[in-house]
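**Q** Attaching a single structure in structure tokens format; questions to follow.
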Amino acid sequence: MNTNTLFDNTEVAFALKNDAQLERAYFLFKMISHQPLVRIGTAATNFALKANLPVEGLIRSTVFDHFCGGVSEEDCLPVIDKMFTKGVSSVLDYSVEGKEEEATFDEARDKILKIIKFADEKEAMPIVVFKPTGFGRFYLYQKKGEGKEFTTVEQKEWSRIVARFDAVCRLAKEKDVEVLIDGEESWMQDAADDLCETMMRKYNQNKPIVYNTLQTYRWDRFDYLKGIHERAKTQNFTVGFKIVRGAYMEKERDRAEDKGYPSPICETKKATDDNFNSCMTYILNNLNSISLFIGTHNEQSCYLAMDLMSQLGIDKKDNNVWFGQLYGMSDHLSFNLAEQGYNVAKYVPFGPVKDVMPYLIRRAEENTSVAGQTSRELNLLKLEKARRKL
């Protein structure tokens with residue numbers, strides 16, 4: 001099959017969707033394609049949830065079931081098992097965000113520890129993930145990154161964050177489950193990067209267990225990648241990176257303008273694409289000491305990765321290279337890559353409907369703002385509907 005048409009195979013892409021699910025997906029993306037509708041829907045949903053109106057059932061049967069695996073890890077099992085029949089693994093993503101209490105941070109840590117034990121027993125779940133701010137207050141990362149002195153109370157709080165990171169990475173090492181640490185806003189990321197590097201130094205001795213995230217819409221990330229790679233070589237540890245384009249662009253640009261510092265974001269979409277591809281190429285050329293999780297919904301980047309793997313003689317099943325997409329999106333990439341024999345994992349968000357709403361709203365907004373994302377999904381769903389004569 002010509003690789004440039006590989007992702008047009010809708011029969012493979014939507015093999016797991018029955019006719020009703022295909023129609024639902026088409027309906028959802030059709031709704032998402034109208035920007036004003038997303039804004040109104042978002043406001044209405046937020047209001048309904050805050051006012052305790054009975055909308056959970058409706059959300060659950062539409063947008064939630066399309067983009068999420070379930071309300072608990074057990075609830076996700078049918079989704080995990082079903083995808084694995086097609087060679088697609090799952091990364092369970094506890095998508096509860098924006099909490100600020102110590103008890104919530106401990107709860108998030110316990111949830112990840114539970115998922116690691118869960119993953120240890122399931123071949124379909126080789127990887128887990130968490131957000132740094134799931135384990136501690138944003139403000140502390142920011143203050144630490146700015147090099148400001150902590151108060152005694154803050155120092156104790158920071159020590160608890162480090163302990164949560166350590167507990168998760170230690171168990172992951174013990175169970176041989178890889179752990180991806182998500183990237184967040186640039187003004188808290190320095191402290192998170194340092195903490196990730198500390199964990200890599202400690203737990204990535206023989207093979208990468210801990211992966212940090214490179215958000216390549218930041219123009220400084222290629223230099224950061226080369227810097228940590230040099231340190232890893234001299235200090236004898238391996239590095240793992242998930243590479244993504246990035247998720248906080250408007251927020252980053254607005255803050256930079258507001259505070260009068262240069263924007264950390266690449267000037268153009270092309271510059272971001274080039275940066276992503278440069279980071280990916282660099283890692284693939286140094287696979288003996290850096291491992292790679294390619295988090296992308298971009299077809300060209302996938303084709304480039306496949307070409308490079310072929311040129312460099314990297315086995316499709318080499319555990320140092322994984323492709324990843326979000327559940328409910330870009331099935332044409334995930335399932336066709338898996339069909340071709342590559343390592344593929346879907347990020348499967350889960351959590352109570354109410355708590356996962358901020359995540360779902362961000363997905364809807366992201367889909368409307370990324371040029372061509374929604375129309376591509378709609379086009380492929382339309383082709384598959386025609387193929388099935390629906």
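By convention here, the chains of the structure tokens are called A, B, ... in the order presented, each chain's residues are numbered starting at 1, and ligands are numbered starting at 1 in the order presented.
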What lies within 12 Å of stretch 3-9 of chain A using only C-alpha atoms, ignoring chain neighbours under 5 positions off, as a PyMOL selection string?
**A** chain A and resi 14-15+297-307+310+330-340+376-377+379-384+387
**Q** If you count only C-alpha atoms, which residues fall within 6 Å of stretch 276-288 of chain A, apart from same-chain ones fewer than 3 positions away, as number ranges by chain?
**A** A: 216, 222, 273, 291
**Q** Quick one: pick out all strand (DSSP E) residues within stretch 244-346 of chain A from a backbone DSSP run and write them as a list in words.
**A**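 Residues of stretch 244-346 of chain A classed as strand (DSSP E): Val244, Ile290, Ser291, Leu292, Phe293, Ile294, Gly295, Val321, Trp322, Phe323, Gly324, Gln325, Leu326, Val344, Ala345 and Lys346 of chain A.
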**Q** For N, CA and C atoms, I'd like the residues from the last selection saved as a compact mmCIF listing (two decimals), in the first residue's frame.
**A**
# COMPACT_ATOMS: atom_id res chain seq x y z
N VAL A 244 4.89 16.49 21.58
CA VAL A 244 3.57 16.97 21.13
C VAL A 244 3.79 18.37 20.56
N ILE A 290 17.81 7.68 23.83
CA ILE A 290 16.55 8.42 24.06
C ILE A 290 15.40 7.59 23.49
N SER A 291 14.31 7.48 24.25
CA SER A 291 13.12 6.80 23.74
C SER A 291 12.05 7.82 23.40
N LEU A 292 11.12 7.40 22.55
CA LEU A 292 10.22 8.37 21.94
C LEU A 292 8.77 7.90 21.95
N PHE A 293 7.89 8.81 22.40
CA PHE A 293 6.45 8.61 22.27
C PHE A 293 5.97 9.77 21.41
N ILE A 294 5.50 9.46 20.19
CA ILE A 294 5.12 10.50 19.23
C ILE A 294 3.63 10.80 19.39
N GLY A 295 3.34 11.88 20.13
CA GLY A 295 1.94 12.25 20.35
C GLY A 295 1.50 13.22 19.27
N VAL A 321 9.95 3.23 20.39
CA VAL A 321 9.15 4.17 19.57
C VAL A 321 7.67 3.80 19.65
N TRP A 322 6.88 4.75 20.13
CA TRP A 322 5.43 4.59 20.18
C TRP A 322 4.75 5.77 19.50
N PHE A 323 3.62 5.47 18.85
CA PHE A 323 2.76 6.53 18.31
C PHE A 323 1.56 6.64 19.24
N GLY A 324 1.07 7.87 19.45
CA GLY A 324 -0.10 8.02 20.33
C GLY A 324 -1.07 9.08 19.85
N GLN A 325 -2.36 8.76 19.99
CA GLN A 325 -3.42 9.73 19.70
C GLN A 325 -4.46 9.68 20.82
N LEU A 326 -5.34 10.66 20.84
CA LEU A 326 -6.38 10.70 21.86
C LEU A 326 -7.55 9.81 21.48
N VAL A 344 1.27 1.39 18.93
CA VAL A 344 0.32 2.51 19.01
C VAL A 344 -0.44 2.45 20.32
N ALA A 345 -0.62 3.61 20.95
CA ALA A 345 -1.42 3.67 22.18
C ALA A 345 -2.38 4.85 22.09
N LYS A 346 -3.58 4.63 22.56
CA LYS A 346 -4.56 5.71 22.65
C LYS A 346 -4.57 6.23 24.09
**Q** May I ask for the distance between atom CA of A:Lys226 and atom CA of A:Asp274, given in Å to one decimal place?
**A**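 Atom CA of A:Lys226 sits 16.0 Å away from atom CA of A:Asp274.
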**Q** Considering only helix (DSSP H, G or I) as DSSP defines it on the backbone, what residues of stretch 96-332 of chain A qualify? List them as JSON, numbers by chain.
**A** {"A": [102, 103, 104, 105, 106, 107, 108, 109, 110, 111, 112, 113, 114, 115, 116, 117, 118, 119, 120, 132, 133, 134, 138, 139, 140, 141, 142, 143, 144, 145, 152, 153, 154, 155, 156, 157, 158, 159, 160, 161, 162, 163, 164, 165, 166, 167, 168, 169, 170, 171, 172, 173, 174, 175, 186, 187, 188, 189, 190, 191, 192, 193, 194, 195, 196, 197, 198, 199, 200, 201, 202, 203, 221, 222, 223, 224, 225, 226, 227, 228, 229, 230, 231, 232, 233, 234, 235, 249, 250, 251, 252, 253, 254, 255, 256, 257, 258, 259, 269, 270, 271, 272, 273, 274, 275, 276, 277, 278, 279, 280, 281, 282, 283, 284, 299, 300, 301, 302, 303, 304, 305, 306, 307, 308, 309, 310, 311, 331, 332]}
**Q** Pick out the closest residue to A:Ser263 from this set: A:Lys316, A:Gly328, A:Ser186, A:Ile127. Count only C-alpha atoms.
**A**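 That would be A:Ser186, the residue with the smallest distance to A:Ser263.
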**Q** Neighbouring residues of A:Cys169 were defined as those with any atom within 9 Å, considering only C-alpha atoms; residues of the same chain fewer than 3 positions away were excluded. Please report them as an NGL selection string.
**A** :A and (164-166 or 172-174 or 178-179 or 199-200 or 203 or 209-210)
**Q** If you count only C-alpha atoms, which residues fall within 7 Å of stretch 235-238 of chain A, apart from same-chain ones fewer than 2 positions away, as a ChimeraX atom specification?
**A** /A:200-201,204-205,207-208,231-233,240,289-290
**Q** Write out the residues from the selection above, keeping C-alpha atoms, as a PDB file, in the first residue's frame.
**A**
ATOM      1  CA  MET A 200      15.076   9.976  35.015  1.00  0.00           C
ATOM      2  CA  ARG A 201      18.475  10.076  36.668  1.00  0.00           C
ATOM      3  CA  ASN A 204      16.150   5.382  33.874  1.00  0.00           C
ATOM      4  CA  GLN A 205      19.386   3.542  34.605  1.00  0.00           C
ATOM      5  CA  LYS A 207      16.031   1.569  30.191  1.00  0.00           C
ATOM      6  CA  PRO A 208      13.661   4.536  30.076  1.00  0.00           C
ATOM      7  CA  ARG A 231      23.769  15.435  30.551  1.00  0.00           C
ATOM      8  CA  ALA A 232      22.284  11.942  30.249  1.00  0.00           C
ATOM      9  CA  LYS A 233      25.305  10.715  28.289  1.00  0.00           C
ATOM     10  CA  GLY A 240      12.372   9.318  27.473  1.00  0.00           C
ATOM     11  CA  SER A 289      19.945   6.688  24.515  1.00  0.00           C
ATOM     12  CA  ILE A 290      16.554   8.416  24.057  1.00  0.00           C
TER      13      ILE A 290
END
**Q** Go ahead and compute the interatomic distance for atom CA of A:Tyr217 and atom CA of A:Pro126, in Å to one decimal.
**A**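 It comes out at 27.4 Å.
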**Q** A:Val348, A:Leu92, A:Val162, A:Leu308: which is nearest A:Tyr327, counting only C-alpha atoms?
**A** A:Val348
**Q** Excluding stretch 56-64 of chain A and its own-chain neighbours fewer than 4 positions away, which residues fall within 12 Å of it when counting only C-alpha atoms? Please give them as a ChimeraX atom specification.
**A** /A:20-29,31-32,38,41-42,44-46,48-52,68-71,95,327-329,348-361,363-364
**Q** Store the residues picked out above in a file with N, CA and C atoms, as a CSV table (one decimal), in the first residue's frame.
**A**
chain,number,residue,atom,x,y,z
A,20,ALA,N,-24.3,2.6,14.6
A,20,ALA,CA,-24.9,3.6,15.5
A,20,ALA,C,-23.7,4.5,16.1
A,21,GLN,N,-22.6,3.9,16.4
A,21,GLN,CA,-21.5,4.7,16.9
A,21,GLN,C,-20.9,5.6,15.8
A,22,LEU,N,-20.9,5.0,14.6
A,22,LEU,CA,-20.4,5.8,13.5
A,22,LEU,C,-21.3,7.1,13.3
A,23,GLU,N,-22.6,6.8,13.4
A,23,GLU,CA,-23.5,8.0,13.2
A,23,GLU,C,-23.3,9.0,14.3
A,24,ARG,N,-23.1,8.5,15.5
A,24,ARG,CA,-22.9,9.4,16.7
A,24,ARG,C,-21.7,10.2,16.5
A,25,ALA,N,-20.6,9.6,16.1
A,25,ALA,CA,-19.3,10.3,15.8
A,25,ALA,C,-19.5,11.4,14.8
A,26,TYR,N,-20.3,11.0,13.7
A,26,TYR,CA,-20.5,12.0,12.6
A,26,TYR,C,-21.3,13.2,13.2
A,27,PHE,N,-22.3,12.9,14.0
A,27,PHE,CA,-23.2,13.9,14.6
A,27,PHE,C,-22.3,14.8,15.5
A,28,LEU,N,-21.5,14.2,16.3
A,28,LEU,CA,-20.6,15.0,17.2
A,28,LEU,C,-19.7,16.0,16.5
A,29,PHE,N,-19.0,15.4,15.6
A,29,PHE,CA,-18.0,16.3,14.8
A,29,PHE,C,-18.7,17.4,14.0
A,31,MET,N,-21.4,18.8,15.0
A,31,MET,CA,-21.7,19.9,16.0
A,31,MET,C,-20.5,20.7,16.3
A,32,ILE,N,-19.4,20.0,16.5
A,32,ILE,CA,-18.1,20.6,16.9
A,32,ILE,C,-17.6,21.6,15.8
A,38,VAL,N,-20.1,25.5,19.7
A,38,VAL,CA,-19.3,25.0,20.8
A,38,VAL,C,-19.3,25.9,22.0
A,41,GLY,N,-22.7,25.7,23.6
A,41,GLY,CA,-22.9,24.4,24.3
A,41,GLY,C,-22.0,24.3,25.5
A,42,THR,N,-20.8,24.9,25.5
A,42,THR,CA,-19.9,24.9,26.6
A,42,THR,C,-20.5,25.6,27.8
A,44,ALA,N,-23.7,26.4,28.3
A,44,ALA,CA,-24.9,25.8,28.7
A,44,ALA,C,-24.6,24.6,29.6
A,45,THR,N,-23.6,23.8,29.1
A,45,THR,CA,-23.2,22.6,29.9
A,45,THR,C,-22.6,22.9,31.3
A,46,ASN,N,-21.8,23.9,31.3
A,46,ASN,CA,-21.2,24.4,32.6
A,46,ASN,C,-22.3,24.8,33.5
A,48,ALA,N,-25.5,24.0,33.4
A,48,ALA,CA,-26.4,22.9,33.8
A,48,ALA,C,-25.7,22.0,34.9
A,49,LEU,N,-24.4,21.8,34.8
A,49,LEU,CA,-23.7,21.0,35.8
A,49,LEU,C,-23.6,21.7,37.1
A,50,LYS,N,-23.3,23.0,37.1
A,50,LYS,CA,-23.2,23.8,38.3
A,50,LYS,C,-24.6,23.8,39.0
A,51,ALA,N,-25.6,23.9,38.2
A,51,ALA,CA,-27.0,24.0,38.8
A,51,ALA,C,-27.6,22.7,39.1
A,52,ASN,N,-26.7,21.6,38.9
A,52,ASN,CA,-27.2,20.3,39.2
A,52,ASN,C,-28.4,19.9,38.4
A,68,CYS,N,-14.2,9.6,26.1
A,68,CYS,CA,-13.7,9.0,27.4
A,68,CYS,C,-14.0,7.5,27.5
A,69,GLY,N,-13.1,6.8,28.2
A,69,GLY,CA,-13.3,5.4,28.4
A,69,GLY,C,-14.3,5.0,29.4
A,70,GLY,N,-14.6,5.9,30.4
A,70,GLY,CA,-15.5,5.5,31.4
A,70,GLY,C,-15.3,6.4,32.6
A,71,VAL,N,-16.1,6.1,33.7
A,71,VAL,CA,-16.0,6.9,34.9
A,71,VAL,C,-14.9,6.4,35.9
A,95,SER,N,-8.4,12.2,34.1
A,95,SER,CA,-8.5,13.6,33.5
A,95,SER,C,-9.3,14.6,34.4
A,327,TYR,N,-8.1,9.2,22.5
A,327,TYR,CA,-9.3,8.4,22.2
A,327,TYR,C,-10.4,9.2,21.7
A,328,GLY,N,-11.1,8.7,20.6
A,328,GLY,CA,-12.2,9.5,20.0
A,328,GLY,C,-11.8,10.4,18.9
A,329,MET,N,-10.4,10.4,18.7
A,329,MET,CA,-9.9,11.3,17.6
A,329,MET,C,-8.9,10.5,16.8
A,348,VAL,N,-6.6,7.3,26.9
A,348,VAL,CA,-8.0,7.1,27.2
A,348,VAL,C,-8.4,7.8,28.5
A,349,PRO,N,-9.0,9.0,28.4
A,349,PRO,CA,-9.4,9.8,29.6
A,349,PRO,C,-10.5,9.1,30.3
A,350,PHE,N,-10.5,9.2,31.7
A,350,PHE,CA,-11.6,8.7,32.5
A,350,PHE,C,-11.7,9.5,33.7
A,351,GLY,N,-12.9,9.4,34.4
A,351,GLY,CA,-13.1,10.1,35.6
A,351,GLY,C,-14.6,10.4,35.7
A,352,PRO,N,-15.1,10.9,36.9
A,352,PRO,CA,-16.5,11.2,37.0
A,352,PRO,C,-16.9,12.3,36.0
A,353,VAL,N,-18.1,12.1,35.4
A,353,VAL,CA,-18.5,13.0,34.3
A,353,VAL,C,-18.3,14.5,34.6
A,354,LYS,N,-18.7,14.9,35.8
A,354,LYS,CA,-18.6,16.3,36.2
A,354,LYS,C,-17.2,16.8,36.2
A,355,ASP,N,-16.3,15.9,36.8
A,355,ASP,CA,-14.9,16.3,36.9
A,355,ASP,C,-14.1,16.3,35.6
A,356,VAL,N,-14.6,15.5,34.6
A,356,VAL,CA,-13.9,15.4,33.3
A,356,VAL,C,-14.4,16.5,32.4
A,357,MET,N,-15.4,17.2,32.7
A,357,MET,CA,-16.0,18.2,31.8
A,357,MET,C,-15.0,19.3,31.3
A,358,PRO,N,-14.1,19.8,32.2
A,358,PRO,CA,-13.1,20.8,31.7
A,358,PRO,C,-12.2,20.2,30.6
A,359,TYR,N,-11.9,18.9,30.7
A,359,TYR,CA,-11.1,18.2,29.7
A,359,TYR,C,-11.9,18.1,28.4
A,360,LEU,N,-13.2,17.7,28.5
A,360,LEU,CA,-14.0,17.6,27.3
A,360,LEU,C,-14.2,18.9,26.6
A,361,ILE,N,-14.4,20.0,27.4
A,361,ILE,CA,-14.6,21.3,26.8
A,361,ILE,C,-13.3,21.7,26.0
A,363,ARG,N,-11.2,19.7,24.7
A,363,ARG,CA,-11.1,18.9,23.4
A,363,ARG,C,-12.0,19.6,22.3
A,364,ALA,N,-13.2,19.9,22.7
A,364,ALA,CA,-14.1,20.5,21.7
A,364,ALA,C,-13.6,21.8,21.2
**Q** Just give me the gap between atom CA of A:Ile314 and atom CA of A:Asp220 in Å, one decimal is fine.
**A**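 Rounded to one decimal, the two atoms are 27.7 Å apart.
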**Q** With only C-alpha atoms as the basis for distance, which of A:Glu74, A:His66, A:Arg137, A:Glu267 is at the shortest distance from A:Ala103?
**A**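 Smallest distance to A:Ala103 is found for A:Arg137.
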**Q** Of the candidates A:Ile243, A:Ile181, A:Ala108, A:Ile116, which one gets nearest to A:Phe130 if we count only C-alpha atoms?
**A** A:Ile181
**Q** What lies within 12 Å of A:Gly134 using only C-alpha atoms, ignoring chain neighbours under 6 positions off, as a ChimeraX atom specification?
**A** /A:93-112,141,161,164-165,181-184,192
